[in-house]
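Student: Could you have a look at this structure, given as structure tokens, before my questions?
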Amino acid sequence: MSHDHSSLFPEVMPAAPEKATLEGKNKFFGQWFFLGGETVLFASLFGTYLALKNSTAGGPSTDELFGLGLVFLMTMLLLTSSLTSVYAMYHMRNNDFKKMYLWLGITGLLGIGFLACEIYEFAHYITEYGFSFRSSAFGSAFYALVGFHGGHVLFGICWLTTLLIRNAKRGLNLYNAPKFNTFSLFWHFIDVVWVFIFTVVYLMGKVG
Amino acid sequence: MTDNSNDQTEVFKRQKSKEEMQRQLISFGLMIVFTLIAFAIVATDTVDRIYILPILFIMAIVQAGFQFYYFMHLKDKGHEMPALLIYGGVWAAFLTLAGLMVISWW
């Protein structure tokens with residue numbers, strides 16, 4: 001390569017390696033801007049769900065459909081994965097590449113666990129209750145909202161896997177530190193959305 | 001900078017991030033507690049129906065606040081622009097929700 005990249009590999013890592021370069025700063029702002037947009041996108045899906053949740057077309061209601069046990073397990077998995085990603089960023093700032101990788105790996109595994117529960121949940125609704133995307137307006141709104149969140153989790157897992165494979169032999173430097181931090185912000189945001197899903201969809205669905 | 005002062009900076013840095021880690025662990029503990037309370041009041045059906053929805057909603061907002069301010073470092077300095085961006089998003093989200101609620105419930 002013709003460019004001089006030596007500035008990306010300093011002898012002493014700065015306190016905040018994710019924001020030490022212009023590209024890092026841009027990624028940081030860009031990601032927050034993106035998350036601001038995502039907030040609106042999820043708000044429109046939440047609004048649609050709230051408007052249509054009682055249009056069951058004779059199918060099962062939210063109270064009959066949802067079980068709290070599985071949702072509680074999913075909440076714990078995702079909340080814990082948020083903490084493990086905090087640990088990963090803690091080790092990134094202490095320039096401990098191996099520990100950062102360990103915690104990011106655990107984060108990914110917890111995410112896979114969450115996704116497996118969600119797939120089981122959807123399959124259960126379809127096979128036991130015949131409740132699908134097409135069965136009612138409630139069905140469409142439910143799968144659009146919860147499925148879109150699950151899609152974000154799936155995307156996050158693919159993103160993390162790619163990062164972990166691509167950077168496995170590089171060690172931590174100012175080129176890849178912003179990438180890990182950007183992923184971590186995304187992952188926390190997914191948990192924020194899930195907090196509102198378990199509250200608005202499942203818990204409030206149980207209350208009626 | 002001599003090696004000694006470099007070490008001190010390093011010690012200070014680690015001390016700071018250790019304190020930050022403690023705050024994040026407390027946030028995590030509180031989020032778990034809020035989640036447990038939310039599931040418990042719905043599962044046991046002990047709270048009056050009129051109060052359940054606002055209680056659940058307030059606890060969700062507090063949890064989201066912990067995520068944003070502690071886990072995503074929105075409270076740290078240098079986060080004025082991200083705060084503006086996310087609150088802009090929250091404002092537009094509020095308008096979207098209010099709009100959809102009004103046209104379906106009016």
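Ordered as shown in the structure tokens, chains take letters A, B, and onward, while each chain numbers its residues from 1 and ligands are numbered from 1 in the order shown.
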Write down, as a PyMOL selection string, each residue of chain A that has any atom within 6 Å of an atom of chain B, counting only C-alpha atoms.
Tutor: chain A and resi 32-33+36-37+39-40+43-44+47+51+192
Student: Can you pull out every residue within 9 Å of A:Gly67, counting only C-alpha atoms, but drop anything in the same chain fewer than 3 positions away, and send it as a PDB file with all heavy atoms, in the first residue's frame?
Tutor:
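File written: around.pdb
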```pdb
ATOM      1  N   ASP A  63     -52.994 -12.448  25.211  1.00  0.00           N
ATOM      2  CA  ASP A  63     -52.990 -13.116  26.513  1.00  0.00           C
ATOM      3  C   ASP A  63     -52.931 -14.632  26.369  1.00  0.00           C
ATOM      4  O   ASP A  63     -52.229 -15.330  27.122  1.00  0.00           O
ATOM      5  CB  ASP A  63     -54.246 -12.688  27.292  1.00  0.00           C
ATOM      6  CG  ASP A  63     -54.216 -13.174  28.729  1.00  0.00           C
ATOM      7  OD1 ASP A  63     -53.094 -13.420  29.229  1.00  0.00           O
ATOM      8  OD2 ASP A  63     -55.285 -13.301  29.332  1.00  0.00           O
ATOM      9  N   GLU A  64     -53.677 -15.172  25.372  1.00  0.00           N
ATOM     10  CA  GLU A  64     -53.685 -16.624  25.172  1.00  0.00           C
ATOM     11  C   GLU A  64     -52.368 -17.125  24.566  1.00  0.00           C
ATOM     12  O   GLU A  64     -51.939 -18.247  24.817  1.00  0.00           O
ATOM     13  CB  GLU A  64     -54.832 -17.009  24.227  1.00  0.00           C
ATOM     14  CG  GLU A  64     -56.216 -16.800  24.831  1.00  0.00           C
ATOM     15  CD  GLU A  64     -57.299 -16.683  23.768  1.00  0.00           C
ATOM     16  OE1 GLU A  64     -56.980 -16.662  22.551  1.00  0.00           O
ATOM     17  OE2 GLU A  64     -58.464 -16.593  24.167  1.00  0.00           O
ATOM     18  N   LEU A  70     -40.417 -18.154  28.575  1.00  0.00           N
ATOM     19  CA  LEU A  70     -39.450 -18.066  27.479  1.00  0.00           C
ATOM     20  C   LEU A  70     -38.991 -16.618  27.272  1.00  0.00           C
ATOM     21  O   LEU A  70     -37.808 -16.359  27.048  1.00  0.00           O
ATOM     22  CB  LEU A  70     -40.082 -18.613  26.195  1.00  0.00           C
ATOM     23  CG  LEU A  70     -39.145 -18.714  24.985  1.00  0.00           C
ATOM     24  CD1 LEU A  70     -38.069 -19.762  25.225  1.00  0.00           C
ATOM     25  CD2 LEU A  70     -39.919 -19.034  23.718  1.00  0.00           C
ATOM     26  N   VAL A  71     -39.944 -15.693  27.381  1.00  0.00           N
ATOM     27  CA  VAL A  71     -39.603 -14.280  27.195  1.00  0.00           C
ATOM     28  C   VAL A  71     -38.637 -13.811  28.279  1.00  0.00           C
ATOM     29  O   VAL A  71     -37.706 -13.051  28.020  1.00  0.00           O
ATOM     30  CB  VAL A  71     -40.879 -13.401  27.188  1.00  0.00           C
ATOM     31  CG1 VAL A  71     -40.525 -11.930  27.051  1.00  0.00           C
ATOM     32  CG2 VAL A  71     -41.799 -13.817  26.058  1.00  0.00           C
ATOM     33  N   TYR A 202     -45.044  -8.175  25.240  1.00  0.00           N
ATOM     34  CA  TYR A 202     -45.318  -9.362  26.042  1.00  0.00           C
ATOM     35  C   TYR A 202     -45.987  -9.051  27.384  1.00  0.00           C
ATOM     36  O   TYR A 202     -47.047  -9.584  27.686  1.00  0.00           O
ATOM     37  CB  TYR A 202     -44.040 -10.175  26.248  1.00  0.00           C
ATOM     38  CG  TYR A 202     -43.507 -10.748  24.953  1.00  0.00           C
ATOM     39  CD1 TYR A 202     -42.456 -10.133  24.281  1.00  0.00           C
ATOM     40  CD2 TYR A 202     -44.085 -11.873  24.382  1.00  0.00           C
ATOM     41  CE1 TYR A 202     -41.979 -10.651  23.077  1.00  0.00           C
ATOM     42  CE2 TYR A 202     -43.620 -12.405  23.181  1.00  0.00           C
ATOM     43  CZ  TYR A 202     -42.561 -11.781  22.533  1.00  0.00           C
ATOM     44  OH  TYR A 202     -42.119 -12.281  21.361  1.00  0.00           O
ATOM     45  N   LYS A 206     -49.932  -9.483  28.244  1.00  0.00           N
ATOM     46  CA  LYS A 206     -50.462 -10.360  29.280  1.00  0.00           C
ATOM     47  C   LYS A 206     -51.488  -9.659  30.161  1.00  0.00           C
ATOM     48  O   LYS A 206     -52.455 -10.246  30.616  1.00  0.00           O
ATOM     49  CB  LYS A 206     -49.303 -10.867  30.167  1.00  0.00           C
ATOM     50  CG  LYS A 206     -48.686 -12.169  29.680  1.00  0.00           C
ATOM     51  CD  LYS A 206     -49.641 -13.320  29.884  1.00  0.00           C
ATOM     52  CE  LYS A 206     -49.113 -14.604  29.295  1.00  0.00           C
ATOM     53  NZ  LYS A 206     -50.171 -15.614  29.182  1.00  0.00           N
TER      54      LYS A 206
END
```
Student: Atom CA of A:Ala16 and atom CA of A:Met92, how far apart in Å?
Tutor: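 If I compute the distance from atom CA of A:Met92 to atom CA of A:Ala16, I get 8.8 Å.
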Student: Report as JSON, numbers by chain: the residues of chain A with a DSSP assignment of alpha helix (DSSP H), based on the backbone of this structure.
Tutor: {"A": [22, 23, 24, 25, 26, 27, 28, 29, 30, 31, 32, 33, 34, 35, 36, 37, 38, 39, 40, 41, 42, 43, 44, 45, 46, 47, 48, 49, 50, 51, 52, 62, 63, 64, 65, 68, 69, 70, 71, 72, 73, 74, 75, 76, 77, 78, 79, 80, 81, 82, 83, 84, 85, 86, 87, 88, 89, 90, 91, 92, 93, 97, 98, 99, 100, 101, 102, 103, 104, 105, 106, 107, 108, 109, 110, 111, 112, 113, 114, 115, 116, 117, 118, 119, 120, 121, 122, 123, 124, 125, 126, 127, 128, 129, 137, 138, 139, 140, 141, 142, 143, 144, 145, 146, 147, 148, 149, 150, 151, 152, 153, 154, 155, 156, 157, 158, 159, 160, 161, 162, 163, 164, 165, 166, 177, 178, 179, 180, 181, 182, 183, 184, 185, 186, 187, 188, 189, 190, 191, 192, 193, 194, 195, 196, 204, 205, 206, 207]}
Student: By how many Å are atom CA of B:Leu30 and atom CA of B:Tyr69 apart?
Tutor: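 Between atom CA of B:Leu30 and atom CA of B:Tyr69 the gap works out to 13.6 Å.
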